[in-house]
$ cat structure-v3.txt   # compact mmCIF, C-alpha atoms
# COMPACT_ATOMS: atom_id res chain seq x y z
CA MET A 117 -47.35 -85.86 44.20
CA LEU A 118 -45.91 -82.39 44.70
CA LYS A 119 -42.48 -83.23 43.34
CA PRO A 120 -43.52 -83.98 39.72
CA ILE A 121 -45.68 -80.87 39.55
CA LEU A 122 -42.80 -78.81 40.86
CA SER A 123 -40.35 -80.29 38.38
CA ILE A 124 -42.80 -79.67 35.51
CA THR A 125 -43.24 -76.05 36.62
CA ILE A 126 -39.49 -75.50 36.80
CA LEU A 127 -39.02 -77.01 33.36
CA MET A 128 -41.81 -74.89 31.89
CA ILE A 129 -40.17 -71.77 33.34
CA LEU A 130 -36.88 -72.86 31.78
CA PHE A 131 -38.57 -73.34 28.40
CA ALA A 132 -40.19 -69.96 28.62
CA ALA A 133 -36.87 -68.34 29.50
CA CYS A 134 -35.16 -70.01 26.55
CA ALA A 135 -37.81 -68.87 24.06
CA SER A 136 -36.58 -65.92 21.96
CA ARG A 137 -38.31 -62.60 22.33
CA GLY A 138 -37.65 -60.47 19.25
CA PRO A 139 -37.25 -58.15 17.50
CA TYR A 140 -33.79 -57.06 18.56
CA VAL A 141 -31.92 -53.79 18.23
CA PRO A 142 -28.93 -54.13 15.86
CA LYS A 143 -25.50 -52.97 16.92
CA SER A 144 -24.61 -49.58 15.54
CA GLU A 145 -21.13 -48.25 15.04
CA ALA A 146 -21.19 -44.84 13.37
CA PRO A 147 -19.14 -43.84 11.55
CA SER A 148 -18.11 -47.33 10.51
CA ILE A 149 -14.61 -48.10 9.26
CA GLU A 150 -15.87 -48.22 5.68
CA ASP A 151 -17.46 -44.80 6.14
CA THR A 152 -14.27 -43.36 7.57
CA TYR A 153 -11.58 -44.75 5.26
CA HIS A 154 -11.41 -44.97 1.48
CA ALA A 155 -9.68 -48.36 1.59
CA VAL A 156 -10.30 -51.28 3.92
CA LEU A 157 -8.88 -54.76 4.29
CA LEU A 158 -11.56 -57.37 4.87
CA ASP A 159 -9.15 -60.04 6.12
CA LYS A 160 -6.84 -59.57 9.08
CA SER A 161 -4.21 -61.71 7.37
CA LEU A 162 -3.69 -58.94 4.82
CA LYS A 163 -2.68 -56.31 7.37
CA LYS A 164 0.98 -57.27 7.23
CA ARG A 165 1.03 -58.21 3.57
CA ILE A 166 -0.71 -55.38 1.73
CA ALA A 167 -0.10 -51.63 1.73
CA ILE A 168 -1.95 -48.88 -0.05
CA ASP A 169 0.59 -46.13 -0.54
CA HIS A 170 -1.42 -43.73 -2.62
CA ILE A 171 -5.14 -43.42 -3.10
CA GLY A 172 -7.26 -40.80 -4.76
CA CYS A 173 -10.15 -39.93 -7.02
CA GLN A 174 -11.11 -37.41 -9.66
CA LYS A 175 -14.10 -36.51 -11.76
CA THR A 176 -13.94 -37.39 -15.44
CA LEU A 177 -15.03 -34.90 -18.11
CA ASN A 178 -18.47 -36.46 -17.97
CA ASP A 179 -18.75 -36.19 -14.19
CA ARG A 180 -18.10 -39.84 -13.48
CA LEU A 181 -15.93 -40.73 -10.51
CA GLU A 182 -12.52 -42.23 -11.28
CA VAL A 183 -10.82 -43.98 -8.39
CA PHE A 184 -7.21 -45.13 -8.23
CA ALA A 185 -4.99 -46.75 -5.64
CA ASN A 186 -1.45 -48.03 -5.55
CA ILE A 187 -1.57 -51.46 -3.97
CA ARG A 188 1.76 -52.88 -2.79
CA ASN A 189 2.89 -56.33 -1.78
CA ARG A 190 4.88 -55.79 1.43
CA LYS A 191 6.34 -59.28 1.51
CA LYS A 192 8.69 -61.46 -0.48
CA GLY A 193 6.73 -63.96 -2.49
CA ASP A 194 3.74 -63.65 -4.77
CA ILE A 195 0.32 -62.78 -3.50
CA GLN A 196 -3.18 -62.68 -4.99
CA VAL A 197 -5.84 -60.38 -3.65
CA GLN A 198 -9.31 -59.38 -4.77
CA VAL A 199 -10.32 -55.73 -5.01
CA GLN A 200 -13.77 -54.22 -5.18
CA THR A 201 -14.98 -50.62 -5.23
CA ILE A 202 -18.23 -49.50 -3.69
CA PHE A 203 -19.47 -46.27 -5.23
CA LYS A 204 -21.54 -44.17 -2.87
CA ASP A 205 -23.75 -41.11 -2.92
CA MET A 206 -23.05 -37.97 -0.91
CA ASN A 207 -24.75 -39.52 2.12
CA GLY A 208 -22.43 -42.50 2.15
CA PHE A 209 -24.95 -45.02 0.83
CA SER A 210 -24.08 -47.39 -2.00
CA ILE A 211 -25.62 -46.34 -5.32
CA GLY A 212 -25.98 -50.00 -6.29
CA GLU A 213 -22.99 -49.95 -8.55
CA ASP A 214 -20.53 -52.10 -6.66
CA SER A 215 -17.79 -53.31 -8.96
CA ALA A 216 -17.07 -56.98 -9.46
CA TRP A 217 -14.23 -58.49 -7.42
CA HIS A 218 -11.14 -57.97 -9.50
CA THR A 219 -8.20 -60.32 -8.88
CA ILE A 220 -4.77 -58.71 -8.71
CA PHE A 221 -1.47 -60.62 -8.76
CA LEU A 222 1.47 -59.00 -7.02
CA THR A 223 4.98 -60.40 -7.09
CA SER A 224 7.52 -59.69 -4.33
CA ASN A 225 7.31 -56.06 -3.26
CA GLU A 226 5.43 -55.14 -6.42
CA THR A 227 3.09 -52.17 -6.61
CA GLU A 228 0.16 -52.11 -8.99
CA THR A 229 -2.19 -49.24 -9.71
CA TYR A 230 -5.82 -50.26 -9.47
CA ARG A 231 -8.07 -47.96 -11.43
CA ILE A 232 -11.82 -47.93 -11.95
CA VAL A 233 -14.42 -45.45 -13.19
CA SER A 234 -18.02 -45.35 -12.02
CA ARG A 235 -20.73 -45.96 -14.58
CA SER A 236 -23.03 -43.44 -12.98
CA GLN A 237 -22.66 -39.73 -12.39
CA THR A 238 -24.36 -40.05 -9.02
CA ALA A 239 -21.19 -41.53 -7.50
CA LYS A 240 -19.73 -38.98 -5.10
CA ASP A 241 -17.72 -41.13 -2.71
CA TYR A 242 -16.16 -44.57 -2.68
CA THR A 243 -14.62 -47.35 -0.63
CA ILE A 244 -12.07 -49.81 -1.96
CA ARG A 245 -12.30 -53.24 -0.35
CA ILE A 246 -9.44 -55.73 -0.47
CA ARG A 247 -9.75 -59.36 0.54
CA GLU A 248 -8.08 -62.74 0.14
CA VAL A 249 -9.01 -64.64 -3.02
CA ARG A 250 -12.18 -66.67 -2.51
CA MET B 101 -44.86 -96.71 44.80
CA LYS B 102 -47.71 -94.65 43.35
CA GLN B 103 -45.60 -91.50 43.63
CA THR B 104 -42.74 -93.18 41.80
CA SER B 105 -44.97 -94.22 38.89
CA ASN B 106 -46.40 -90.69 38.66
CA THR B 107 -42.89 -89.27 38.46
CA ALA B 108 -41.97 -91.78 35.77
CA ILE B 109 -45.07 -90.86 33.67
CA CYS B 110 -44.37 -87.16 34.03
CA SER B 111 -40.72 -87.62 33.11
CA SER B 112 -41.67 -89.67 30.03
CA LEU B 113 -44.19 -87.03 28.94
CA LEU B 114 -41.59 -84.31 29.36
CA LEU B 115 -39.05 -86.31 27.40
CA LEU B 116 -41.55 -86.75 24.56
CA PHE B 117 -42.35 -83.03 24.71
CA CYS B 118 -38.67 -82.16 24.47
CA ILE B 119 -38.17 -84.49 21.50
CA ALA B 120 -41.21 -82.99 19.78
CA CYS B 121 -39.89 -79.48 20.35
CA GLN B 122 -36.47 -80.35 19.00
CA SER B 123 -37.76 -81.76 15.74
CA THR B 124 -37.71 -78.96 13.18
CA GLY B 125 -38.52 -80.94 10.11
CA SER B 126 -34.91 -81.67 9.17
CA HIS B 127 -35.56 -84.90 7.35
CA LYS B 128 -32.51 -86.68 6.11
CA ALA B 129 -33.79 -86.98 2.55
CA GLY B 130 -30.65 -85.46 1.02
CA ILE B 131 -28.37 -82.48 1.12
CA PRO B 132 -30.36 -79.32 0.43
CA SER B 133 -29.11 -76.86 -2.17
CA ALA B 134 -27.66 -73.61 -0.91
CA ARG B 135 -27.52 -70.19 -2.44
CA ILE B 136 -24.06 -68.74 -2.89
CA ALA B 137 -22.76 -65.45 -4.25
CA PRO B 138 -22.15 -65.53 -8.04
CA GLU B 139 -18.52 -64.54 -7.51
CA GLN B 140 -17.92 -67.46 -5.17
CA ARG B 141 -15.86 -70.38 -6.41
CA THR B 142 -17.18 -73.92 -6.30
CA PRO B 143 -15.04 -77.07 -6.42
CA GLU B 144 -16.52 -78.41 -9.67
CA GLU B 145 -15.60 -75.28 -11.64
CA GLY B 146 -12.22 -76.64 -12.68
CA THR B 147 -10.18 -74.46 -14.99
CA GLY B 148 -13.12 -73.37 -17.14
CA ILE B 149 -14.95 -70.08 -17.50
CA SER B 150 -16.79 -69.44 -14.26
CA SER B 151 -19.51 -67.05 -13.12
CA ALA B 152 -16.84 -65.07 -11.25
CA ASP B 153 -14.98 -64.58 -14.54
CA LEU B 154 -18.21 -63.50 -16.21
CA LEU B 155 -18.84 -60.91 -13.49
CA GLU B 156 -15.31 -59.55 -13.58
CA VAL B 157 -15.05 -59.34 -17.37
CA THR B 158 -18.48 -57.82 -18.01
CA ASP B 159 -17.99 -55.26 -15.23
CA LYS B 160 -14.73 -54.13 -16.82
CA ILE B 161 -16.10 -54.03 -20.38
CA SER B 162 -19.22 -52.07 -19.44
CA ARG B 163 -17.04 -49.33 -17.93
CA VAL B 164 -14.80 -49.26 -21.00
CA ILE B 165 -17.79 -48.82 -23.33
CA LEU B 166 -19.06 -45.82 -21.38
CA ASP B 167 -15.68 -44.16 -21.95
CA VAL B 168 -16.31 -43.87 -25.69
CA PRO B 169 -16.70 -40.15 -26.55
CA GLU B 170 -19.51 -40.93 -29.01
CA ILE B 171 -21.49 -42.28 -26.06
CA GLU B 172 -20.14 -40.17 -23.23
CA GLN B 173 -20.69 -36.86 -25.00
CA ALA B 174 -23.84 -37.71 -26.94
CA VAL B 175 -26.78 -35.36 -26.44
CA ASN B 176 -29.29 -38.07 -27.33
CA PRO B 177 -28.41 -41.57 -26.13
CA PRO B 178 -27.20 -43.63 -29.11
CA THR B 179 -28.72 -47.02 -29.86
CA ILE B 180 -26.86 -50.24 -29.38
CA GLY B 181 -27.39 -53.72 -30.80
CA VAL B 182 -25.71 -57.04 -30.25
CA SER B 183 -23.81 -59.07 -32.79
CA LYS B 184 -22.95 -62.65 -31.90
CA VAL B 185 -19.87 -63.20 -29.77
CA ILE B 186 -17.51 -65.77 -31.30
CA ASN B 187 -16.38 -68.53 -28.98
CA ASP B 188 -13.07 -70.06 -30.04
CA THR B 189 -12.32 -71.66 -26.70
CA ARG B 190 -12.80 -75.34 -25.92
CA PHE B 191 -15.58 -74.46 -23.48
CA ARG B 192 -19.15 -74.83 -24.70
CA ILE B 193 -20.81 -71.86 -23.06
CA ASP B 194 -23.54 -69.46 -24.08
CA THR B 195 -21.60 -66.34 -25.04
CA GLY B 196 -24.85 -64.40 -24.99
CA LEU B 197 -24.40 -64.32 -21.22
CA PHE B 198 -21.55 -61.86 -21.66
CA THR B 199 -23.36 -59.43 -23.93
CA GLN B 200 -26.54 -59.72 -21.88
CA ARG B 201 -24.76 -58.83 -18.65
CA ILE B 202 -22.89 -55.95 -20.29
CA LEU B 203 -26.23 -54.60 -21.52
CA ASN B 204 -27.74 -55.07 -18.06
CA LEU B 205 -24.99 -52.99 -16.54
CA LEU B 206 -25.16 -50.31 -19.24
CA LEU B 207 -28.93 -49.97 -19.25
CA ASP B 208 -29.67 -50.49 -15.58
CA ARG B 209 -26.65 -48.90 -13.92
CA GLY B 210 -25.18 -46.58 -16.51
CA ASP B 211 -27.33 -43.44 -16.29
CA ARG B 212 -29.08 -44.65 -19.47
CA LYS B 213 -26.31 -43.42 -21.73
CA VAL B 214 -27.34 -45.89 -24.42
CA ARG B 215 -30.62 -47.37 -25.64
CA TYR B 216 -30.95 -50.97 -26.68
CA VAL B 217 -32.61 -51.96 -29.95
CA ALA B 218 -34.39 -55.22 -29.20
CA ARG B 219 -34.00 -56.86 -32.61
CA GLU B 220 -34.84 -60.26 -31.17
CA HIS B 221 -38.42 -58.97 -30.79
CA ILE B 222 -38.67 -57.33 -34.19
CA ALA B 223 -41.35 -59.76 -35.44
CA ALA B 224 -43.64 -58.81 -32.54
CA VAL B 225 -42.95 -55.11 -33.11
CA GLU B 226 -43.75 -55.36 -36.83
CA ARG B 227 -47.00 -57.21 -36.14
CA GLU B 228 -48.05 -54.57 -33.61
CA ARG B 229 -47.30 -51.81 -36.13
CA GLU B 230 -49.43 -53.56 -38.75
CA LEU B 231 -52.35 -53.87 -36.32
CA LYS B 232 -52.04 -50.18 -35.52
CA ASP B 233 -51.85 -49.24 -39.20
CA GLN B 234 -54.99 -51.25 -39.88
CA GLY B 235 -56.79 -49.48 -37.05
CA LEU B 236 -57.46 -52.74 -35.26
CA VAL B 237 -55.80 -51.53 -32.07
CA THR B 238 -55.35 -48.12 -30.52
CA SER B 239 -52.32 -46.11 -31.52
CA SER B 240 -50.57 -42.96 -30.44
CA GLY B 241 -48.76 -42.79 -33.78
CA ASN B 242 -46.02 -44.97 -35.13
CA SER B 243 -42.50 -43.65 -34.83
CA PRO B 244 -39.86 -44.88 -37.27
CA MET B 245 -38.18 -48.16 -36.39
CA ALA B 246 -34.93 -47.50 -34.58
CA GLY B 247 -31.67 -48.23 -36.33
CA ILE B 248 -28.55 -49.39 -34.57
CA ASP B 249 -25.75 -46.88 -34.03
CA PHE B 250 -23.25 -49.26 -32.46
CA PHE B 251 -22.83 -53.01 -32.42
CA LEU B 252 -21.50 -54.74 -29.35
CA THR B 253 -19.63 -57.90 -30.20
CA GLY B 254 -16.67 -59.90 -29.06
CA LYS B 255 -14.50 -62.96 -29.23
CA LEU B 256 -13.37 -65.53 -26.71
CA GLN B 257 -10.13 -67.33 -27.43
CA GLY B 258 -8.36 -69.97 -25.39
CA LEU B 259 -5.03 -71.66 -24.91
CA SER B 260 -5.19 -74.97 -23.10
CA GLN B 261 -2.50 -77.30 -21.86
CA SER B 262 -2.59 -80.50 -19.87
CA GLY B 263 -0.07 -82.91 -18.42
CA SER B 264 0.31 -85.49 -15.70
CA GLN B 265 0.49 -82.76 -13.05
CA GLY B 266 -2.71 -81.03 -14.08
CA GLN B 267 -3.97 -78.64 -16.69
CA SER B 268 -4.17 -74.96 -17.42
CA ASP B 269 -6.53 -72.79 -19.40
CA TYR B 270 -5.91 -69.26 -20.56
CA VAL B 271 -8.88 -67.34 -21.95
CA LEU B 272 -8.66 -64.01 -23.74
CA TYR B 273 -11.91 -62.04 -23.70
CA THR B 274 -12.11 -59.29 -26.29
CA PHE B 275 -15.15 -57.08 -26.79
CA GLN B 276 -15.59 -54.42 -29.42
CA LEU B 277 -17.93 -51.55 -30.05
CA ILE B 278 -18.39 -51.10 -33.80
CA ASP B 279 -19.90 -48.13 -35.59
CA ALA B 280 -22.87 -49.59 -37.49
CA SER B 281 -22.58 -47.01 -40.31
CA SER B 282 -18.86 -47.18 -41.04
CA GLY B 283 -17.87 -50.51 -39.54
CA VAL B 284 -15.06 -48.76 -37.68
CA GLU B 285 -14.19 -50.15 -34.30
CA LEU B 286 -14.67 -47.39 -31.75
CA ARG B 287 -13.46 -49.09 -28.62
CA ARG B 288 -11.97 -52.38 -27.58
CA GLY B 289 -12.06 -53.74 -24.07
CA TRP B 290 -10.37 -56.93 -23.05
CA ALA B 291 -9.45 -59.13 -20.15
CA GLU B 292 -7.39 -62.28 -19.71
CA ILE B 293 -7.71 -65.01 -17.11
CA LYS B 294 -5.52 -68.06 -16.64
CA LYS B 295 -6.34 -70.97 -14.37
CA TYR B 296 -4.41 -73.99 -13.28
CA GLY B 297 -5.86 -77.06 -11.61
CA LEU B 298 -6.48 -80.75 -11.63
CA GLU B 299 -10.12 -80.78 -12.63
CA ASP B 300 -11.60 -80.09 -16.03
CA ALA B 301 -14.83 -78.13 -16.28
CA ILE B 302 -17.99 -79.79 -17.58
CA TYR B 303 -20.78 -77.50 -18.79
CA ARG B 304 -24.38 -78.62 -18.91
$ encode --input "structure-v3.txt" --output "structure tokens"
Amino acid sequence: MLKPILSITILMILFAACASRGPYVPKSEAPSIEDTYHAVLLDKSLKKRIAIDHIGCQKTLNDRLEVFANIRNRKKGDIQVQVQTIFKDMNGFSIGEDSAWHTIFLTSNETETYRIVSRSQTAKDYTIRIREVR
Amino acid sequence: MKQTSNTAICSSLLLLFCIACQSTGSHKAGIPSARIAPEQRTPEEGTGISSADLLEVTDKISRVILDVPEIEQAVNPPTIGVSKVINDTRFRIDTGLFTQRILNLLLDRGDRKVRYVAREHIAAVERERELKDQGLVTSSGNSPMAGIDFFLTGKLQGLSQSGSQGQSDYVLYTFQLIDASSGVELRRGWAEIKKYGLEDAIYR
């Protein structure tokens, strides 16, 4: 008679141990890569294929932020990538004006200048994201 | 023997308990729909105009429009209205989606550099003005009806080819900002997208 009770108890303990006990503390990595660099590659496969040789920004006459970057295909053969700019405030938070993903076609060793201007004057900082076409 | 039957009952109860715990209501009634990002491609898109194209084009055009000196340097935000976008492509889509999204970006995320004249609601506005004039409803004074300073309009044109290996579609998106007084085009923004594939797009 003892054996079943014991097995039930053990199983109940196992169930209790498996049950999740939230909430959980999220991982924090500050400053993040996107906070540190103005351009990031979202896919590892692009590390050997894409270079950003020149990157910069300037304020337009109307205090909007203009961002530009020379994106280069490091390989022989055509490549397509998607580029997006996140405009941020002075605290590094997005101002809700992320650009759409813009597709860029680069032939062998070609460099193209990507250029974009913020719609809002509250943009003080930026991050350019590059990823594979999805 | 009695102990064995007790163990069997307990084991059966536990098994039932486990099965009951595992069931999370996942009935096999069909494949549930899933939300995806608007810029994400889906297999049935074919070579037609997709939501990703809409996002990319309207984002570009909205930034171009804000570059116009008459808007950028205006002390009082000018008014903007929409004139129908001409669709000369083979795709039967609602071109109002383009102008609507451009307006959304200009008015919601553009530091309110322009004001939109909602002509599609003019009948309701006129009726409200009449009620106010007649003293039937409260009024804080009627201001003159707003005129349109600039018209936003555009044109979609396509070049389509098909063969035994597949088909391709090139679409040229051109949008213009036109001075409503003079008819002069103040700014033109455009984008071009070409797609190649096996599947044709069907719009519903």
$ closest_residue --input "structure-v3.txt" --among "A:Ile187, A:Ile121, A:Ile149, A:Leu181" --to "A:Arg165" --atoms "all atoms listed in the file"
A:Ile187
$ residues_around --input "structure-v3.txt" --residues "stretch 281-297 of chain B" --least-positions-apart "2" --cutoff "7 Å" --atoms "all atoms listed in the file" --output "PDB file with C-alpha atoms, in the frame of the given file"
ATOM      1  CA  GLY B 146     -12.220 -76.640 -12.680  1.00  0.00           C
ATOM      2  CA  THR B 147     -10.180 -74.460 -14.990  1.00  0.00           C
ATOM      3  CA  VAL B 157     -15.050 -59.340 -17.370  1.00  0.00           C
ATOM      4  CA  ILE B 161     -16.100 -54.030 -20.380  1.00  0.00           C
ATOM      5  CA  VAL B 164     -14.800 -49.260 -21.000  1.00  0.00           C
ATOM      6  CA  ILE B 165     -17.790 -48.820 -23.330  1.00  0.00           C
ATOM      7  CA  VAL B 168     -16.310 -43.870 -25.690  1.00  0.00           C
ATOM      8  CA  GLY B 266      -2.710 -81.030 -14.080  1.00  0.00           C
ATOM      9  CA  GLN B 267      -3.970 -78.640 -16.690  1.00  0.00           C
ATOM     10  CA  SER B 268      -4.170 -74.960 -17.420  1.00  0.00           C
ATOM     11  CA  ASP B 269      -6.530 -72.790 -19.400  1.00  0.00           C
ATOM     12  CA  TYR B 270      -5.910 -69.260 -20.560  1.00  0.00           C
ATOM     13  CA  VAL B 271      -8.880 -67.340 -21.950  1.00  0.00           C
ATOM     14  CA  LEU B 272      -8.660 -64.010 -23.740  1.00  0.00           C
ATOM     15  CA  TYR B 273     -11.910 -62.040 -23.700  1.00  0.00           C
ATOM     16  CA  THR B 274     -12.110 -59.290 -26.290  1.00  0.00           C
ATOM     17  CA  PHE B 275     -15.150 -57.080 -26.790  1.00  0.00           C
ATOM     18  CA  GLN B 276     -15.590 -54.420 -29.420  1.00  0.00           C
ATOM     19  CA  LEU B 277     -17.930 -51.550 -30.050  1.00  0.00           C
ATOM     20  CA  ILE B 278     -18.390 -51.100 -33.800  1.00  0.00           C
ATOM     21  CA  ASP B 279     -19.900 -48.130 -35.590  1.00  0.00           C
ATOM     22  CA  GLU B 299     -10.120 -80.780 -12.630  1.00  0.00           C
TER      23      GLU B 299
END
$ residues_around --input "structure-v3.txt" --residues "B:Thr238" --least-positions-apart "6" --cutoff "12 Å" --atoms "all atoms listed in the file" --output "list of chain:residue names"
B:Glu228, B:Arg229, B:Glu230, B:Leu231, B:Lys232
$ atom_distance --input "structure-v3.txt" --atom1 "atom CA of B:Leu205" --atom2 "atom CA of B:Ile136"
20.9 Å
$ interface_residues --input "structure-v3.txt" --of "chain A" --to "chain B" --cutoff "9 Å" --atoms "all atoms listed in the file" --output "PyMOL selection string"
chain A and resi 117+119-121+124+127+177-178+212-213+215-219+232-238+250
$ residues_around --input "structure-v3.txt" --residues "A:Val197" --least-positions-apart "6" --cutoff "6 Å" --atoms "all atoms listed in the file" --output "list in words"
Thr219, Ile220, Arg247, Glu248 and Val249 of chain A
$ atom_distance --input "structure-v3.txt" --atom1 "atom CA of A:Leu158" --atom2 "atom CA of A:Thr201"
12.6 Å
$ residues_around --input "structure-v3.txt" --residues "B:Ile180" --least-positions-apart "2" --cutoff "6 Å" --atoms "all atoms listed in the file" --output "ChimeraX atom specification"
/B:216,248-251
$ residues_around --input "structure-v3.txt" --residues "stretch 186-199 of chain B" --least-positions-apart "6" --cutoff "8 Å" --atoms "all atoms listed in the file" --output "PyMOL selection string"
chain B and resi 148-149+154+158+252-259+271+303
